[in-house]
$ cat start_16.txt   # compact mmCIF, C-alpha atoms
# COMPACT_ATOMS: atom_id res chain seq x y z
CA MET T 21 11.15 -18.86 3.56
CA GLN T 22 11.49 -17.96 7.23
CA SER T 23 14.21 -15.44 8.00
CA PRO T 24 16.76 -16.63 10.57
CA LEU T 25 17.13 -13.01 11.71
CA PRO T 26 14.44 -11.36 13.83
CA VAL T 27 12.70 -8.11 12.97
CA ARG T 28 14.90 -5.20 14.04
CA ASP T 29 13.54 -1.68 14.62
CA GLY T 30 10.32 -2.82 13.00
CA VAL T 31 12.04 -3.86 9.75
CA ASN T 32 12.60 -7.37 8.38
CA ALA T 33 16.06 -8.50 7.42
CA THR T 34 16.74 -8.39 3.68
CA ARG T 35 17.04 -11.72 1.87
CA LEU T 36 19.45 -12.10 -1.06
CA ARG T 37 19.64 -15.06 -3.39
CA LEU T 38 23.21 -15.95 -4.35
CA PRO T 39 23.90 -17.18 -7.89
CA GLY T 40 24.77 -20.83 -8.32
CA GLU T 41 27.83 -19.97 -10.34
CA GLY T 42 29.76 -17.03 -11.71
CA PRO T 43 33.13 -15.25 -11.55
CA TRP T 44 32.86 -14.79 -7.76
CA ASP T 45 34.66 -17.13 -5.37
CA THR T 46 32.97 -15.96 -2.18
CA ALA T 47 29.66 -14.57 -1.05
CA MET T 48 31.43 -11.33 -0.17
CA ASP T 49 32.84 -11.10 -3.71
CA TYR T 50 29.28 -11.22 -5.04
CA MET T 51 28.02 -8.58 -2.60
CA MET T 52 30.95 -6.36 -3.57
CA HIS T 53 29.95 -6.84 -7.20
CA ARG T 54 26.39 -5.75 -6.39
CA TRP T 55 26.94 -2.95 -3.89
CA GLY T 56 30.67 -2.39 -3.47
CA HIS T 57 30.46 0.91 -5.33
CA ILE T 58 28.18 2.25 -2.59
CA ASP T 59 29.78 1.11 0.69
CA PRO T 60 32.65 -1.38 0.32
CA GLN T 61 33.95 -0.81 3.86
CA GLY T 62 30.48 -1.34 5.30
CA ILE T 63 30.18 -4.71 3.53
CA GLU T 64 33.54 -5.87 4.86
CA ASP T 65 32.63 -4.72 8.38
CA ARG T 66 29.35 -6.66 8.30
CA PHE T 67 31.07 -9.88 7.28
CA ASP T 68 33.73 -9.37 9.97
CA ALA T 69 31.04 -8.78 12.61
CA GLY T 70 29.03 -11.88 11.60
CA GLU T 71 26.03 -9.72 10.68
CA ILE T 72 25.42 -11.53 7.39
CA VAL T 73 23.97 -15.00 7.85
CA GLY T 74 22.95 -17.97 5.73
CA GLU T 75 20.42 -20.76 6.17
CA GLY T 76 19.93 -21.64 9.83
CA GLY T 77 21.42 -18.31 10.92
CA VAL T 78 25.02 -19.43 10.24
CA PRO T 79 27.27 -16.31 10.13
CA LEU T 80 29.28 -15.81 6.94
CA ASP T 81 32.81 -14.43 6.83
CA ARG T 82 34.97 -13.00 4.06
CA ALA T 83 36.07 -16.46 2.93
CA THR T 84 32.66 -18.21 2.84
CA PRO T 85 32.43 -19.82 -0.64
CA LEU T 86 29.69 -18.57 -2.91
CA THR T 87 28.26 -22.07 -3.25
CA ASP T 88 27.84 -22.68 0.50
CA HIS T 89 24.49 -20.90 0.61
CA THR T 90 21.59 -20.21 -1.73
CA PHE T 91 20.12 -17.40 0.40
CA ILE T 92 21.72 -14.99 2.82
CA TRP T 93 20.11 -12.43 5.14
CA TYR T 94 21.31 -9.09 6.47
CA TYR T 95 20.02 -5.81 7.83
CA ARG T 96 20.09 -2.85 5.51
CA SER T 97 21.65 0.42 6.61
CA LEU T 98 18.67 2.74 6.84
CA PRO T 99 19.07 6.44 6.07
CA PRO T 100 17.39 8.93 8.41
CA GLU T 101 13.81 9.75 7.45
CA THR T 102 11.77 12.88 7.99
CA ARG T 103 8.64 12.00 9.92
CA ILE T 104 5.44 12.26 7.90
CA PRO T 105 3.16 14.58 9.94
CA VAL T 106 0.23 12.18 10.24
CA GLU T 107 -0.91 9.74 12.92
CA ILE T 108 -2.46 6.26 12.88
CA THR T 109 -5.65 5.58 14.85
CA ILE T 110 -6.28 2.10 16.24
CA LEU T 111 -9.87 0.98 15.66
CA HIS T 112 -9.67 -2.57 17.07
CA GLN T 113 -7.06 -4.91 18.51
CA ASP T 114 -7.29 -8.49 19.74
CA GLU T 115 -5.07 -11.56 19.83
CA HIS T 116 -5.57 -12.13 16.10
CA LEU T 117 -6.20 -8.79 14.39
CA LEU T 118 -5.19 -5.16 14.50
CA VAL T 119 -7.47 -2.75 12.61
CA VAL T 120 -6.36 0.85 12.07
CA ASP T 121 -7.30 4.03 10.27
CA LYS T 122 -4.33 4.68 8.00
CA PRO T 123 -3.92 8.36 7.19
CA HIS T 124 -3.21 9.83 3.77
CA PHE T 125 0.48 10.02 2.72
CA LEU T 126 1.64 7.07 4.86
CA PRO T 127 2.56 3.90 2.92
CA THR T 128 1.27 0.56 4.16
CA THR T 129 4.63 -1.24 3.95
CA PRO T 130 8.29 -0.21 3.64
CA GLY T 131 9.53 0.62 0.16
CA GLY T 132 11.63 3.17 -1.68
CA THR T 133 12.33 6.19 0.50
CA TYR T 134 9.79 5.12 3.16
CA ILE T 135 11.00 2.49 5.63
CA GLN T 136 10.46 3.67 9.19
CA GLU T 137 7.77 5.98 7.86
CA SER T 138 5.36 3.21 6.90
CA ALA T 139 2.29 2.02 8.75
CA LEU T 140 3.75 -1.46 9.27
CA VAL T 141 7.05 -0.33 10.82
CA ARG T 142 5.46 2.40 12.90
CA LEU T 143 2.95 -0.05 14.38
CA ARG T 144 5.50 -2.81 14.97
CA ASN T 145 7.60 -0.38 16.99
CA GLN T 146 4.72 1.41 18.72
CA LEU T 147 2.95 -1.78 19.83
CA ASP T 148 5.98 -4.07 20.15
CA LEU T 149 4.50 -6.51 17.63
CA PRO T 150 7.38 -7.77 15.45
CA ASP T 151 5.16 -10.44 13.85
CA LEU T 152 2.64 -7.88 12.55
CA ILE T 153 1.77 -8.40 8.86
CA PRO T 154 -0.77 -6.50 6.70
CA MET T 155 -3.68 -8.55 5.36
CA HIS T 156 -4.11 -6.18 2.41
CA ARG T 157 -2.75 -2.83 1.28
CA LEU T 158 -3.85 0.72 0.70
CA ASP T 159 -2.03 3.10 -1.63
CA ARG T 160 0.14 5.65 0.14
CA MET T 161 -2.23 8.43 -0.87
CA THR T 162 -5.39 6.54 0.18
CA ALA T 163 -6.63 6.70 3.78
CA GLY T 164 -8.91 4.41 5.74
CA VAL T 165 -9.45 0.97 7.24
CA LEU T 166 -6.43 -1.33 7.13
CA LEU T 167 -6.20 -4.83 8.66
CA PHE T 168 -3.10 -6.49 10.10
CA SER T 169 -2.57 -10.00 11.44
CA THR T 170 -1.02 -10.06 14.91
CA ASN T 171 -0.84 -13.85 15.27
CA PRO T 172 1.19 -16.06 12.90
CA ARG T 173 -0.76 -19.14 14.05
CA THR T 174 -4.11 -17.81 12.82
CA ARG T 175 -2.86 -15.61 9.94
CA GLY T 176 -3.63 -18.16 7.25
CA ARG T 177 -7.31 -18.29 8.16
CA TYR T 178 -7.68 -14.58 7.45
CA GLN T 179 -5.54 -14.74 4.31
CA VAL T 180 -7.94 -17.32 2.87
CA LEU T 181 -10.79 -14.83 3.18
CA PHE T 182 -8.97 -12.34 0.97
CA GLU T 183 -7.86 -15.01 -1.49
CA LYS T 184 -11.45 -16.28 -1.89
CA ARG T 185 -12.86 -12.73 -2.10
CA GLN T 186 -14.95 -13.25 1.01
CA VAL T 187 -14.09 -9.77 2.27
CA GLN T 188 -16.35 -6.88 1.24
CA LYS T 189 -14.90 -3.37 1.08
CA ASP T 190 -16.46 -0.01 0.39
CA TYR T 191 -14.76 3.30 -0.29
CA GLU T 192 -15.75 6.92 -0.54
CA CYS T 193 -14.34 9.59 -2.80
CA VAL T 194 -15.01 13.18 -3.78
CA SER T 195 -15.05 14.25 -7.41
CA ALA T 196 -16.93 16.58 -9.69
CA ALA T 197 -20.71 16.23 -9.60
CA GLU T 198 -20.80 15.91 -13.39
CA PRO T 199 -18.31 14.39 -15.86
CA ALA T 200 -15.64 16.56 -17.45
CA GLU T 201 -16.25 18.02 -20.88
CA GLY T 202 -16.26 15.40 -23.61
CA TYR T 203 -17.51 12.56 -21.38
CA PRO T 204 -21.10 11.29 -21.52
CA ALA T 205 -23.53 11.76 -18.63
CA VAL T 206 -23.62 8.93 -16.10
CA ASP T 207 -26.78 7.28 -14.79
CA PHE T 208 -25.96 6.28 -11.21
CA PRO T 209 -25.52 3.74 -9.77
CA VAL T 210 -23.21 2.40 -12.46
CA VAL T 211 -20.93 -0.63 -12.71
CA VAL T 212 -17.62 -0.07 -14.49
CA ARG T 213 -16.00 -3.15 -16.00
CA ASN T 214 -12.83 -3.22 -18.10
CA ARG T 215 -9.44 -4.86 -18.45
CA MET T 216 -6.61 -3.22 -16.54
CA THR T 217 -2.88 -3.79 -16.62
CA LYS T 218 0.25 -2.07 -15.38
CA SER T 219 1.73 0.23 -18.03
CA ARG T 220 4.99 -0.92 -19.59
CA SER T 221 6.34 2.61 -19.82
CA TYR T 222 5.64 3.89 -16.29
CA LEU T 223 4.28 2.70 -12.96
CA LEU T 224 0.63 3.44 -13.62
CA ALA T 225 -2.33 1.28 -14.51
CA GLU T 226 -4.06 1.53 -17.86
CA VAL T 227 -7.16 0.16 -19.55
CA ILE T 228 -6.61 -2.15 -22.51
CA ASP T 229 -8.81 -4.19 -24.82
CA GLY T 230 -9.77 -7.67 -23.66
CA GLU T 231 -11.85 -9.64 -21.21
CA PRO T 232 -12.70 -7.49 -18.15
CA ASN T 233 -10.66 -8.23 -15.04
CA ALA T 234 -11.68 -5.21 -12.95
CA GLU T 235 -15.14 -4.24 -11.71
CA THR T 236 -16.43 -1.44 -9.49
CA ARG T 237 -19.94 -0.37 -8.54
CA ILE T 238 -20.20 3.41 -8.17
CA GLU T 239 -23.03 5.27 -6.45
CA ARG T 240 -23.39 9.03 -6.08
CA LEU T 241 -24.34 9.78 -2.47
CA GLU T 242 -24.72 13.56 -2.40
CA THR T 243 -23.78 16.72 -4.28
CA PHE T 244 -22.64 20.00 -2.75
CA ASP T 245 -20.80 23.24 -3.49
CA GLY T 246 -17.06 22.90 -3.14
CA GLY T 247 -14.26 25.43 -3.15
CA ALA T 248 -12.74 27.08 -6.19
CA ALA T 249 -11.74 24.72 -8.98
CA PRO T 250 -7.92 24.25 -9.09
CA GLY T 251 -7.96 23.42 -12.79
CA ALA T 252 -6.48 19.92 -12.43
CA ALA T 253 -7.54 17.76 -15.35
CA GLY T 254 -10.57 15.60 -14.70
CA THR T 255 -11.31 16.93 -11.21
CA SER T 256 -13.89 19.52 -12.15
CA ALA T 257 -15.91 20.68 -15.11
CA ALA T 258 -15.71 24.26 -13.82
CA ALA T 259 -13.20 26.80 -15.07
CA PRO T 260 -10.10 27.22 -12.87
CA GLY T 261 -10.78 29.58 -9.98
CA SER T 262 -14.57 29.38 -10.27
CA PRO T 263 -16.89 27.64 -7.77
CA ARG T 264 -17.35 23.96 -8.50
CA ARG T 265 -20.10 21.48 -7.87
CA LEU T 266 -18.72 18.37 -6.18
CA ALA T 267 -20.18 15.01 -5.17
CA ARG T 268 -19.40 12.28 -2.69
CA TYR T 269 -19.41 8.78 -4.15
CA ARG T 270 -19.56 5.27 -2.70
CA LEU T 271 -17.28 2.79 -4.46
CA GLU T 272 -17.60 -0.97 -4.12
CA PRO T 273 -14.72 -2.83 -5.80
CA HIS T 274 -15.47 -6.42 -6.78
CA THR T 275 -11.84 -6.95 -7.79
CA GLY T 276 -8.58 -5.54 -6.46
CA LYS T 277 -6.42 -4.22 -9.27
CA THR T 278 -3.77 -1.58 -8.58
CA HIS T 279 -5.30 1.93 -8.71
CA GLN T 280 -8.60 0.38 -9.83
CA LEU T 281 -10.87 2.94 -8.18
CA ARG T 282 -8.86 5.91 -9.42
CA VAL T 283 -8.82 4.55 -12.96
CA HIS T 284 -12.52 3.72 -12.98
CA MET T 285 -13.54 7.16 -11.73
CA ALA T 286 -11.25 8.84 -14.27
CA SER T 287 -12.74 6.70 -17.05
CA LEU T 288 -16.11 8.35 -16.35
CA GLY T 289 -14.63 11.83 -16.56
CA LEU T 290 -14.79 12.04 -12.77
CA GLY T 291 -11.15 11.97 -11.75
CA ILE T 292 -10.88 12.02 -7.95
CA VAL T 293 -10.06 15.41 -6.43
CA ASN T 294 -6.31 15.89 -5.88
CA ASP T 295 -5.35 12.79 -7.92
CA ALA T 296 -1.94 13.51 -9.43
CA PHE T 297 -1.99 10.32 -11.55
CA TYR T 298 -5.38 9.98 -13.22
CA PRO T 299 -6.65 11.03 -15.68
CA ASP T 300 -3.40 12.96 -16.28
CA LEU T 301 0.01 12.28 -14.77
CA LEU T 302 1.22 15.51 -13.18
CA ASP T 303 4.85 16.43 -12.55
CA LYS T 304 6.22 14.96 -9.33
CA ALA T 305 6.09 17.47 -6.52
CA PRO T 306 6.61 17.40 -2.74
CA ASP T 307 3.62 16.16 -0.79
CA ASP T 308 1.07 18.88 -0.10
CA TYR T 309 -0.47 17.78 3.19
CA THR T 310 -3.28 20.32 2.74
CA ARG T 311 -4.50 18.58 -0.43
CA PRO T 312 -4.79 14.81 0.19
CA LEU T 313 -6.24 12.50 -2.43
CA GLN T 314 -9.97 12.44 -1.78
CA LEU T 315 -10.23 8.66 -1.51
CA LEU T 316 -11.07 6.82 1.71
CA ALA T 317 -11.40 3.12 2.53
CA ARG T 318 -14.60 3.59 4.54
CA GLY T 319 -15.32 0.03 5.66
CA ILE T 320 -14.54 -3.64 5.51
CA ARG T 321 -16.71 -6.61 6.54
CA PHE T 322 -16.44 -10.38 6.63
CA VAL T 323 -17.30 -13.43 8.70
CA ASP T 324 -14.54 -13.79 11.25
CA PRO T 325 -12.96 -17.26 10.79
CA ILE T 326 -12.18 -17.55 14.50
CA SER T 327 -15.50 -16.51 16.05
CA GLY T 328 -17.70 -17.43 13.09
CA LYS T 329 -19.54 -14.13 13.51
CA PRO T 330 -19.99 -11.30 10.97
CA VAL T 331 -17.76 -8.31 11.76
CA GLU T 332 -17.49 -4.86 10.26
CA TYR T 333 -14.92 -2.13 10.80
CA ARG T 334 -15.62 1.48 9.77
CA SER T 335 -13.24 4.39 9.34
CA GLY T 336 -13.65 7.39 11.57
CA LEU T 337 -11.91 9.67 9.07
CA GLU T 338 -13.63 12.15 6.76
CA LEU T 339 -12.62 13.48 3.38
CA SER T 340 -11.69 17.16 3.70
CA GLU T 341 -13.35 18.17 0.42
CA ALA T 342 -16.62 16.58 1.52
CA HIS T 343 -16.81 19.18 4.28
CA PRO T 344 -15.59 22.49 2.83
CA GLY T 345 -13.95 24.74 5.37
CA GLN T 346 -12.91 21.89 7.68
CA ALA T 347 -9.31 20.79 8.03
$ encode --input "start_16.txt" --output "structure tokens"
Amino acid sequence: MQSPLPVRDGVNATRLRLPGEGPWDTAMDYMMHRWGHIDPQGIEDRFDAGEIVGEGGVPLDRATPLTDHTFIWYYRSLPPETRIPVEITILHQDEHLLVVDKPHFLPTTPGGTYIQESALVRLRNQLDLPDLIPMHRLDRMTAGVLLFSTNPRTRGRYQVLFEKRQVQKDYECVSAAEPAEGYPAVDFPVVVRNRMTKSRSYLLAEVIDGEPNAETRIERLETFDGGAAPGAAGTSAAAPGSPRRLARYRLEPHTGKTHQLRVHMASLGLGIVNDAFYPDLLDKAPDDYTRPLQLLARGIRFVDPISGKPVEYRSGLELSEAHPGQA
């Protein structure tokens, strides 16, 4: 449903569905029920200023009956955010697409504590493109090639490519050269297939029994001597503090499940270097910008639906652990 309010400061207006019935006479009564314990005066002020609107952009006031609207829109009050010390590099821009190198630690879209500090909002504001929409997503801790649609009129043609899996992606990661103790040796290249689902107890993915719904081809590209092993579970077979043998891997996902690549590498005893989730969930800690997750969306390719020509976009970033001693 199209918002009647424009993007403001790079952020979409929030949409709220009002209940069809209940013990609330007005729309403001319902909003007070939901959020009055946080900022009751702010809610009243927004209604008085006409900053909360219904279908067609009609402003609501304190007396607007609950049943007058099914959906209402308003702008959230955004708390100040500390800037994440990373920058986005533009790889390509035309009238239809924007392709960027998203750095580690920056989320693709607003969510949780990251609103202004998301790739989408930063780029909307930087490039004055309020209609910008991501065509796919990368985890906050994953860096690399990320596509955005700049043109609402042609957006659907690119979305179809993703829906029909006509977009090929490849990733790179750094992990131990050999599986952790207790895991069998791996004969590369290998294809990992299993059934993944979101855990019911916490926001991670897990492998369960059943028909496979996730598939990744994994190829070991090179091995090399890395720095001292930090002792994080699954990242190295070496003892903590001792030199470790690392490898750079090419990952080709044939499906797109949440955390698929991280889970599939961990399932081989090759948890990605600096992964705080897999194979073991570590205690939450502040971001350490010197130790990014060693996972990079290296490239993406498809037949452009506008030009009809094959295109490919490649990341210019490098994984820090693949080049010991480099920042």
$ residues_around --input "start_16.txt" --residues "Val194 in chain T" --least-positions-apart "2" --cutoff "8 Å" --atoms "only C-alpha atoms" --output "PyMOL selection string"
chain T and resi 192+196+266-269+292-293+314-315+339+341-342
$ axis_aligned_box --input "start_16.txt" --around "range 35-40 of chain T" --padding-each-side "3 Å" --output "JSON"
{"center_x": 20.9, "center_y": -16.3, "center_z": -3.2, "size_x": 13.7, "size_y": 15.1, "size_z": 16.2}
$ closest_residue --input "start_16.txt" --among "T:Tyr203, T:Tyr309, T:Tyr191, T:Tyr50" --to "Pro123 in chain T" --atoms "only C-alpha atoms"
T:Tyr309
$ atom_distance --input "start_16.txt" --atom1 "CA of Gly291 in chain T" --atom2 "CA of Tyr134 in chain T"
26.6 Å
$ atom_distance --input "start_16.txt" --atom1 "CA of Val187 in chain T" --atom2 "CA of Gly131 in chain T"
25.9 Å
$ residues_around --input "start_16.txt" --residues "Pro26 in chain T" --least-positions-apart "2" --cutoff "12 Å" --atoms "all atoms listed in the file" --output "list in words"
Gln22, Ser23, Pro24, Arg28, Asp29, Gly30, Val31, Asn32, Ala33, Thr34, Val73, Gly77, Trp93, Tyr94, Tyr95, Leu149, Pro150 and Asp151 of chain T
$ closest_atom_pairs --input "start_16.txt" --of "range 25-125 of chain T" --to "range 322-337 of chain T" --cutoff "10 Å" --atoms "all atoms listed in the file" --output "Markdown table"
| residue | atom | partner | partner_atom | distance |
| --- | --- | --- | --- | --- |
| T:Thr109 | CA | T:Gly336 | CA | 8.8 |
| T:Leu111 | CA | T:Tyr333 | CA | 7.7 |
| T:His112 | CA | T:Tyr333 | CA | 8.2 |
| T:His116 | CA | T:Ile326 | CA | 8.7 |
| T:Val119 | CA | T:Tyr333 | CA | 7.7 |
| T:Val120 | CA | T:Ser335 | CA | 8.2 |
| T:Asp121 | CA | T:Ser335 | CA | 6.0 |
| T:Lys122 | CA | T:Ser335 | CA | 9.0 |
| T:Pro123 | CA | T:Leu337 | CA | 8.3 |
$ residues_around --input "start_16.txt" --residues "range 55-66 of chain T" --least-positions-apart "2" --cutoff "12 Å" --atoms "all atoms listed in the file" --output "PyMOL selection string"
chain T and resi 47-53+68-73+79-83+93-97
$ atom_distance --input "start_16.txt" --atom1 "CA of Leu290 in chain T" --atom2 "CA of Pro127 in chain T"
24.8 Å
$ residues_around --input "start_16.txt" --residues "range 227-236 of chain T" --least-positions-apart "6" --cutoff "8 Å" --atoms "all atoms listed in the file" --output "mmCIF file with C-alpha atoms, keeping the file's coordinate frame"
data_model
loop_
_atom_site.group_PDB
_atom_site.id
_atom_site.type_symbol
_atom_site.label_atom_id
_atom_site.label_comp_id
_atom_site.auth_asym_id
_atom_site.auth_seq_id
_atom_site.Cartn_x
_atom_site.Cartn_y
_atom_site.Cartn_z
ATOM 1 C CA VAL T 211 -20.930 -0.630 -12.710
ATOM 2 C CA VAL T 212 -17.620 -0.070 -14.490
ATOM 3 C CA ARG T 213 -16.000 -3.150 -16.000
ATOM 4 C CA ASN T 214 -12.830 -3.220 -18.100
ATOM 5 C CA ARG T 215 -9.440 -4.860 -18.450
ATOM 6 C CA MET T 216 -6.610 -3.220 -16.540
ATOM 7 C CA THR T 217 -2.880 -3.790 -16.620
ATOM 8 C CA LEU T 271 -17.280 2.790 -4.460
ATOM 9 C CA GLU T 272 -17.600 -0.970 -4.120
ATOM 10 C CA PRO T 273 -14.720 -2.830 -5.800
ATOM 11 C CA HIS T 274 -15.470 -6.420 -6.780
ATOM 12 C CA THR T 275 -11.840 -6.950 -7.790
ATOM 13 C CA GLY T 276 -8.580 -5.540 -6.460
ATOM 14 C CA LYS T 277 -6.420 -4.220 -9.270
ATOM 15 C CA GLN T 280 -8.600 0.380 -9.830
ATOM 16 C CA LEU T 281 -10.870 2.940 -8.180
ATOM 17 C CA HIS T 284 -12.520 3.720 -12.980
#
$ closest_residue --input "start_16.txt" --among "T:Leu143, T:Phe168, T:Thr102, T:Pro154" --to "Leu118 in chain T" --atoms "all atoms listed in the file"
T:Phe168
$ residues_around --input "start_16.txt" --residues "Ile238 in chain T" --least-positions-apart "3" --cutoff "6 Å" --atoms "all atoms listed in the file" --output "number ranges by chain"
T: 209-210, 270-271
$ closest_residue --input "start_16.txt" --among "T:Gly164, T:Gly74, T:Pro105, T:Pro204" --to "Leu38 in chain T" --atoms "all atoms listed in the file"
T:Gly74
$ closest_residue --input "start_16.txt" --among "T:His89, T:His156, T:Arg282, T:Arg264" --to "Val180 in chain T" --atoms "all atoms listed in the file"
T:His156
$ closest_residue --input "start_16.txt" --among "T:Ile320, T:Met161, T:Ala305, T:Gln136" --to "Phe182 in chain T" --atoms "only C-alpha atoms"
T:Ile320
$ closest_residue --input "start_16.txt" --among "T:Val141, T:Ala286, T:Leu86, T:Val78" --to "Pro199 in chain T" --atoms "all atoms listed in the file"
T:Ala286
$ decode --input "start_16.txt" --residues "range 225-244 of chain T" --atoms "N, CA, C and O atoms" --output "short mmCIF file (atom, residue, chain, number, x, y, z; two decimals), in the first residue's frame"
data_model
loop_
_atom_site.label_atom_id
_atom_site.label_comp_id
_atom_site.auth_asym_id
_atom_site.auth_seq_id
_atom_site.Cartn_x
_atom_site.Cartn_y
_atom_site.Cartn_z
N ALA T 225 19.59 -19.19 12.59
CA ALA T 225 19.11 -20.27 11.74
C ALA T 225 19.66 -21.59 12.25
O ALA T 225 20.72 -21.64 12.88
N GLU T 226 18.95 -22.67 11.98
CA GLU T 226 19.42 -23.98 12.40
C GLU T 226 19.05 -25.01 11.35
O GLU T 226 18.13 -24.82 10.55
N VAL T 227 19.79 -26.10 11.35
CA VAL T 227 19.55 -27.20 10.43
C VAL T 227 18.64 -28.21 11.10
O VAL T 227 18.85 -28.59 12.26
N ILE T 228 17.61 -28.65 10.37
CA ILE T 228 16.67 -29.62 10.91
C ILE T 228 16.52 -30.75 9.90
O ILE T 228 16.97 -30.65 8.76
N ASP T 229 15.89 -31.84 10.33
CA ASP T 229 15.63 -32.95 9.43
C ASP T 229 14.55 -32.55 8.42
O ASP T 229 13.65 -31.76 8.73
N GLY T 230 14.63 -33.12 7.23
CA GLY T 230 13.60 -32.86 6.23
C GLY T 230 14.19 -32.62 4.86
O GLY T 230 15.41 -32.62 4.65
N GLU T 231 13.32 -32.39 3.90
CA GLU T 231 13.71 -32.14 2.52
C GLU T 231 14.60 -30.89 2.45
O GLU T 231 14.26 -29.83 2.99
N PRO T 232 15.77 -30.98 1.79
CA PRO T 232 16.66 -29.82 1.71
C PRO T 232 15.98 -28.61 1.07
O PRO T 232 15.26 -28.74 0.08
N ASN T 233 16.22 -27.44 1.65
CA ASN T 233 15.72 -26.19 1.08
C ASN T 233 16.83 -25.15 0.95
O ASN T 233 16.58 -24.00 0.64
N ALA T 234 18.08 -25.59 1.21
CA ALA T 234 19.23 -24.69 1.13
C ALA T 234 20.39 -25.43 0.49
O ALA T 234 20.67 -26.58 0.84
N GLU T 235 21.06 -24.77 -0.45
CA GLU T 235 22.15 -25.42 -1.18
C GLU T 235 23.26 -24.41 -1.48
O GLU T 235 22.98 -23.29 -1.94
N THR T 236 24.50 -24.81 -1.21
CA THR T 236 25.65 -23.96 -1.49
C THR T 236 26.80 -24.80 -2.04
O THR T 236 27.11 -25.86 -1.49
N ARG T 237 27.40 -24.32 -3.11
CA ARG T 237 28.63 -24.94 -3.63
C ARG T 237 29.81 -24.21 -3.03
O ARG T 237 29.87 -22.98 -3.05
N ILE T 238 30.77 -24.96 -2.49
CA ILE T 238 31.92 -24.39 -1.80
C ILE T 238 33.20 -24.89 -2.44
O ILE T 238 33.39 -26.10 -2.61
N GLU T 239 34.08 -23.96 -2.77
CA GLU T 239 35.35 -24.28 -3.41
C GLU T 239 36.48 -23.62 -2.62
O GLU T 239 36.38 -22.44 -2.26
N ARG T 240 37.53 -24.37 -2.34
CA ARG T 240 38.68 -23.77 -1.66
C ARG T 240 39.62 -23.19 -2.70
O ARG T 240 40.10 -23.89 -3.59
N LEU T 241 39.90 -21.88 -2.61
CA LEU T 241 40.67 -21.19 -3.63
C LEU T 241 42.17 -21.19 -3.34
O LEU T 241 42.99 -21.34 -4.25
N GLU T 242 42.55 -20.99 -2.09
CA GLU T 242 43.95 -20.94 -1.72
C GLU T 242 44.08 -21.13 -0.21
O GLU T 242 43.14 -20.88 0.54
N THR T 243 45.25 -21.58 0.21
CA THR T 243 45.56 -21.68 1.64
C THR T 243 46.76 -20.81 1.93
O THR T 243 47.60 -20.55 1.05
N PHE T 244 46.87 -20.34 3.17
CA PHE T 244 47.97 -19.44 3.53
C PHE T 244 48.10 -19.40 5.05
O PHE T 244 47.19 -19.83 5.78
#
